[in-house]
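As structure tokens, the structure follows; a few thoughts come after it.
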Amino acid sequence: MTAPTLDAEPACPGPLEGLPTIPTEHAPDLRAEQRPFDSIPPETWDRLAAANPWATPFASWAFHRAWWDAYGENAHDETLVVCAEGASGDEPVAIVPLMHRHEVEPTDAATRTTMRHADHGGLTTVPPTAKAILFGASYHADYATILAAPASLPAVSRAVAEYVASPVSGGWDVVDLRRLRCQDPTGTQLAAAFDATAAADGWTLAVEREDVCPVVTFPDGVDIEGFLATLGKKERHEIRRKVRRAEAAGELRLIDSDDPGADLELFIELHQRRWGDRGLFPKTRGGEQSRVMVRRLLELFGTHGPLRLTILKVGDRPIATGLHFETPTDLLYYNAGIDPDARELSPGVLMIHAYVRRALERGIRRMDFLRGDESYKYEWGAVDEPIQRVLVRRAA
């Protein structure tokens, strides 16, 4: 068996293009059943997440626990476990993190719960009143997947489609599964399973490119100066100029917080100063929920987990803070706050420069800017890696 490579993402398929045929001979008989998220042990959840090479920290138990703690009033739990038919015990072979809610709840404006995606259009429009089955935490996660070994995905996907087709899944209007990386076979296997059921049940299936995640893949063996040399002349000149200017004002240091709970207030303060009510922490119910989620993320991942709260200082002056996920291969840039009074020091550029330096020094291969095609990401040589949406609609 050839190990999957995560070096590059292919273009997302067009609707129903290239769907695989799900084999039925010698495939295990599996059943999907709903179980409360609270009933699944964290070690079981994370063991199955680790079996999927396309899983990210967004798939972890800690991320989903923090989301439900913060946003549990915004959605209903529809977590599925997939088990072998007739097997003794109920140990799952897969977990499918799902929730159900209307596409737009009446309280979403107050809580600022929106499903962000690319602005280029092209996505199938779903009525806001539609009852939807979605991936859990997909309003705040940048990637989603099924927690299972790749070899079991065809049978697991078929079990999910059978569950969705059964009366026990409720009166849904759409199954709207977002944030699927295009190289992750989860998307194509789910689409194939739904496609096999669509004709009999009167469903309409669409597979659509949802958004892009710009990613920098570092050349082998380069340091920060070697990497900057790979960028365009204008970009590397501007980055170097801004770094030299800041270094003239004091020593540049990117510090991991050893007390994230206490330093969270600094992150929130700088985030609010930069983004105001457009950011994570507006003066609304949604801002309160964001505080709960970030605080719970830091508590649950701990100081030695993949989530890091960092502080960028020039001398003794903090000019930026950041939240990122760090794995042996990837640095995922999740969110940041900057001091607008330090604008002359270009804190945003300095923050990314510090992250790139850290990644290179630690042998990390990729810096993932996550969802959104903001122009600053491409100044660092990022290349789009698309994510896709699998949408199933019931006949009216």
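Just remember, in the structure tokens the first chain shown is A, the second B, etc., residues are 1-based per chain, and ligands are 1-based in the order shown.
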Could you name the residues that touch stretch 208-225 of chain A at 7 Å or less, counting only C-alpha atoms, but leaving out those on the same chain fewer than 6 positions away, as a JSON list (two decimals) with N, CA, C and O atoms, in the first residue's frame?
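What follows is the written file result.json:
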[["chain", "number", "residue", "atom", "x", "y", "z"],
["A", 12, "CYS", "N", -10.26, 20.68, -6.63],
["A", 12, "CYS", "CA", -11.48, 19.98, -6.25],
["A", 12, "CYS", "C", -12.20, 19.50, -7.50],
["A", 12, "CYS", "O", -12.19, 20.16, -8.53],
["A", 14, "GLY", "N", -15.28, 18.73, -10.06],
["A", 14, "GLY", "CA", -16.57, 19.34, -10.35],
["A", 14, "GLY", "C", -17.67, 18.47, -9.79],
["A", 14, "GLY", "O", -17.43, 17.37, -9.30],
["A", 15, "PRO", "N", -18.90, 18.94, -9.83],
["A", 15, "PRO", "CA", -20.00, 18.17, -9.27],
["A", 15, "PRO", "C", -20.04, 16.75, -9.86],
["A", 15, "PRO", "O", -20.11, 16.56, -11.07],
["A", 117, "HIS", "N", -17.37, 31.45, 3.95],
["A", 117, "HIS", "CA", -16.80, 30.75, 2.80],
["A", 117, "HIS", "C", -16.35, 31.79, 1.79],
["A", 117, "HIS", "O", -16.49, 32.99, 2.00],
["A", 118, "ALA", "N", -15.80, 31.33, 0.69],
["A", 118, "ALA", "CA", -15.27, 32.25, -0.32],
["A", 118, "ALA", "C", -16.38, 33.14, -0.86],
["A", 118, "ALA", "O", -17.55, 32.74, -0.95],
["A", 123, "LEU", "N", -21.51, 28.66, -5.00],
["A", 123, "LEU", "CA", -22.05, 27.65, -4.10],
["A", 123, "LEU", "C", -23.57, 27.61, -4.23],
["A", 123, "LEU", "O", -24.23, 28.64, -4.36],
["A", 357, "ARG", "N", 10.27, 31.70, 10.70],
["A", 357, "ARG", "CA", 11.58, 31.36, 11.28],
["A", 357, "ARG", "C", 11.45, 30.16, 12.22],
["A", 357, "ARG", "O", 12.27, 29.23, 12.19],
["A", 360, "LEU", "N", 10.93, 26.87, 10.28],
["A", 360, "LEU", "CA", 12.15, 26.39, 9.64],
["A", 360, "LEU", "C", 13.13, 25.84, 10.66],
["A", 360, "LEU", "O", 13.78, 24.80, 10.43],
["A", 365, "ARG", "N", 7.42, 21.58, 7.79],
["A", 365, "ARG", "CA", 7.47, 21.64, 6.33],
["A", 365, "ARG", "C", 6.52, 22.64, 5.72],
["A", 365, "ARG", "O", 6.74, 23.12, 4.61],
["A", 366, "ARG", "N", 5.43, 22.98, 6.43],
["A", 366, "ARG", "CA", 4.39, 23.79, 5.80],
["A", 366, "ARG", "C", 3.85, 24.82, 6.79],
["A", 366, "ARG", "O", 3.73, 24.56, 7.98],
["A", 367, "MET", "N", 3.52, 26.00, 6.26],
["A", 367, "MET", "CA", 2.79, 26.99, 7.04],
["A", 367, "MET", "C", 1.44, 27.18, 6.37],
["A", 367, "MET", "O", 1.36, 27.62, 5.21],
["A", 368, "ASP", "N", 0.40, 26.85, 7.09],
["A", 368, "ASP", "CA", -0.97, 26.86, 6.56],
["A", 368, "ASP", "C", -1.67, 28.10, 7.10],
["A", 368, "ASP", "O", -1.88, 28.24, 8.30],
["A", 369, "PHE", "N", -2.05, 29.00, 6.18],
["A", 369, "PHE", "CA", -2.75, 30.21, 6.58],
["A", 369, "PHE", "C", -4.25, 29.99, 6.77],
["A", 369, "PHE", "O", -4.98, 30.95, 7.09],
["A", 370, "LEU", "N", -4.73, 28.78, 6.52],
["A", 370, "LEU", "CA", -6.13, 28.42, 6.71],
["A", 370, "LEU", "C", -7.05, 29.22, 5.79],
["A", 370, "LEU", "O", -6.59, 29.84, 4.84],
["A", 371, "ARG", "N", -8.35, 29.17, 6.04],
["A", 371, "ARG", "CA", -9.32, 29.64, 5.05],
["A", 371, "ARG", "C", -9.20, 31.13, 4.76],
["A", 371, "ARG", "O", -8.98, 31.94, 5.65],
["A", 372, "GLY", "N", -9.41, 31.46, 3.49],
["A", 372, "GLY", "CA", -9.46, 32.85, 3.08],
["A", 372, "GLY", "C", -8.33, 33.23, 2.16],
["A", 372, "GLY", "O", -7.18, 32.78, 2.34],
["A", 373, "ASP", "N", -8.64, 34.03, 1.15],
["A", 373, "ASP", "CA", -7.65, 34.39, 0.13],
["A", 373, "ASP", "C", -7.14, 35.82, 0.32],
["A", 373, "ASP", "O", -6.90, 36.54, -0.66],
["A", 377, "LYS", "N", -1.28, 36.77, 2.42],
["A", 377, "LYS", "CA", -0.81, 35.39, 2.48],
["A", 377, "LYS", "C", 0.06, 35.04, 1.27],
["A", 377, "LYS", "O", 1.04, 34.29, 1.40],
["A", 381, "GLY", "N", 4.47, 33.59, -0.55],
["A", 381, "GLY", "CA", 4.59, 32.47, -1.46],
["A", 381, "GLY", "C", 3.56, 31.38, -1.27],
["A", 381, "GLY", "O", 3.75, 30.25, -1.75],
["A", 382, "ALA", "N", 2.45, 31.69, -0.60],
["A", 382, "ALA", "CA", 1.43, 30.68, -0.37],
["A", 382, "ALA", "C", 0.74, 30.28, -1.67],
["A", 382, "ALA", "O", 0.56, 31.10, -2.57],
["A", 383, "VAL", "N", 0.34, 29.02, -1.75],
["A", 383, "VAL", "CA", -0.37, 28.47, -2.90],
["A", 383, "VAL", "C", -1.70, 27.92, -2.40],
["A", 383, "VAL", "O", -1.77, 27.26, -1.36],
["A", 384, "ASP", "N", -2.76, 28.19, -3.16],
["A", 384, "ASP", "CA", -4.10, 27.77, -2.74],
["A", 384, "ASP", "C", -4.22, 26.25, -2.68],
["A", 384, "ASP", "O", -3.84, 25.54, -3.63],
["A", 385, "GLU", "N", -4.78, 25.77, -1.59],
["A", 385, "GLU", "CA", -5.22, 24.38, -1.47],
["A", 385, "GLU", "C", -6.72, 24.42, -1.18],
["A", 385, "GLU", "O", -7.14, 24.88, -0.11],
["A", 386, "PRO", "N", -7.53, 24.00, -2.13],
["A", 386, "PRO", "CA", -8.98, 24.17, -1.97],
["A", 386, "PRO", "C", -9.60, 23.18, -1.00],
["A", 386, "PRO", "O", -9.08, 22.10, -0.75],
["A", 387, "ILE", "N", -10.72, 23.60, -0.44],
["A", 387, "ILE", "CA", -11.56, 22.70, 0.34],
["A", 387, "ILE", "C", -12.91, 22.62, -0.35],
["A", 387, "ILE", "O", -13.29, 23.51, -1.11],
["A", 388, "GLN", "N", -13.63, 21.53, -0.09],
["A", 388, "GLN", "CA", -14.86, 21.28, -0.84],
["A", 388, "GLN", "C", -16.04, 21.04, 0.09],
["A", 388, "GLN", "O", -15.89, 20.84, 1.29],
["A", 389, "ARG", "N", -17.19, 21.08, -0.55],
["A", 389, "ARG", "CA", -18.47, 20.90, 0.13],
["A", 389, "ARG", "C", -19.22, 19.75, -0.54],
["A", 389, "ARG", "O", -19.31, 19.68, -1.76],
["A", 390, "VAL", "N", -19.77, 18.85, 0.27],
["A", 390, "VAL", "CA", -20.67, 17.81, -0.22],
["A", 390, "VAL", "C", -22.07, 18.18, 0.26],
["A", 390, "VAL", "O", -22.31, 18.24, 1.47]]
Write out as a tab-separated table the residues of stretch 226-332 of chain A that have any atom within 12 Å of an atom of stretch 96-116 of chain A, one row each with the nearest atom pair and its distance in Å to one decimal, counting only C-alpha atoms, sorted by chain and then rising number.
residue	atom	partner	partner_atom	distance
A:Asp277	CA	A:Arg112	CA	10.2
A:Arg278	CA	A:Arg112	CA	9.7
A:Gly279	CA	A:Arg112	CA	10.0
A:Leu280	CA	A:Arg112	CA	9.0
A:Phe281	CA	A:Arg112	CA	9.9
A:Pro282	CA	A:Arg112	CA	8.9
A:Lys283	CA	A:Ala110	CA	9.9
A:Thr284	CA	A:Ala110	CA	6.4
A:Arg285	CA	A:Thr111	CA	5.1
A:Gly286	CA	A:Thr111	CA	3.6
A:Gly287	CA	A:Thr111	CA	7.3
A:Glu288	CA	A:Thr111	CA	8.6
A:Gln289	CA	A:Thr111	CA	7.7
A:Ser290	CA	A:Thr111	CA	9.3
TODO: Please report, as an MDAnalysis selection string, each residue of stretch 238-318 of chain A to which DSSP assigns strand (DSSP E) when run on this structure's backbone.
DONE: chainID A and resid 252:256 307:314 317:318
Task: d(atom CA of A:Ile364, atom CA of A:Glu299) in Å - done: 24.7 Å
Open item on the list: Taking only C-alpha atoms into account, name the residue in A:Lys234, A:Arg241, A:Arg394, A:Arg178 that is nearest to A:Thr204.
Closed with: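 When distances to A:Thr204 are compared using only C-alpha atoms, the smallest one comes from A:Arg394.
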- [ ] Per DSSP on the backbone, filter stretch 254-396 of chain A down to the residues in helix (DSSP H, G or I) and report them as a count of residues only.
- [x] 61
Task: Pick from A:Gly276, A:Pro57, A:Pro185, A:Pro127 nearest to A:Leu332, counting only C-alpha atoms - done: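 Going through A:Gly276, A:Pro57, A:Pro185, A:Pro127 one by one, the smallest distance to A:Leu332 is for A:Pro57.
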Open item on the list: Under the rule that only C-alpha atoms are counted, which of A:Met293, A:Leu177, A:Cys83, A:Val356 is the nearest residue to A:Tyr143?
Closed with: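 Of A:Met293, A:Leu177, A:Cys83, A:Val356, the one nearest A:Tyr143 is A:Leu177, counting only C-alpha atoms.
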Task: Selected residue of minimal separation from A:Trp380 among A:Ser169, A:Thr230, A:Thr145, A:Thr188, counting only C-alpha atoms - done: A:Thr230
TODO: Could you check which of A:Ala50, A:Ala94, A:Leu312, A:Ala55 is closest to A:Glu33, using only C-alpha atoms?
DONE: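 So, comparing all the options, the nearest one is A:Ala94.
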Task: Residue nearest A:Pro340 among A:Asp316, A:Glu361, A:Asp195, A:Glu269 (counting only C-alpha atoms) - done: A:Glu269
TODO: Kindly give the distance, in Å, that separates atom CA of A:Ser346 and atom CA of A:Arg295, rounded to a single decimal.
DONE: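 Spanning atom CA of A:Ser346 to atom CA of A:Arg295 is a straight-line distance of 27.5 Å.
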Task: Surrounding residues of stretch 60-73 of chain A excluding itself and chain neighbours under 2 positions, 10 Å, only C-alpha atoms, as number ranges by chain - done: A: 37-38, 40-50, 55-58, 75-77, 97, 107, 111, 113, 136-141, 147, 286, 288-302, 305, 307
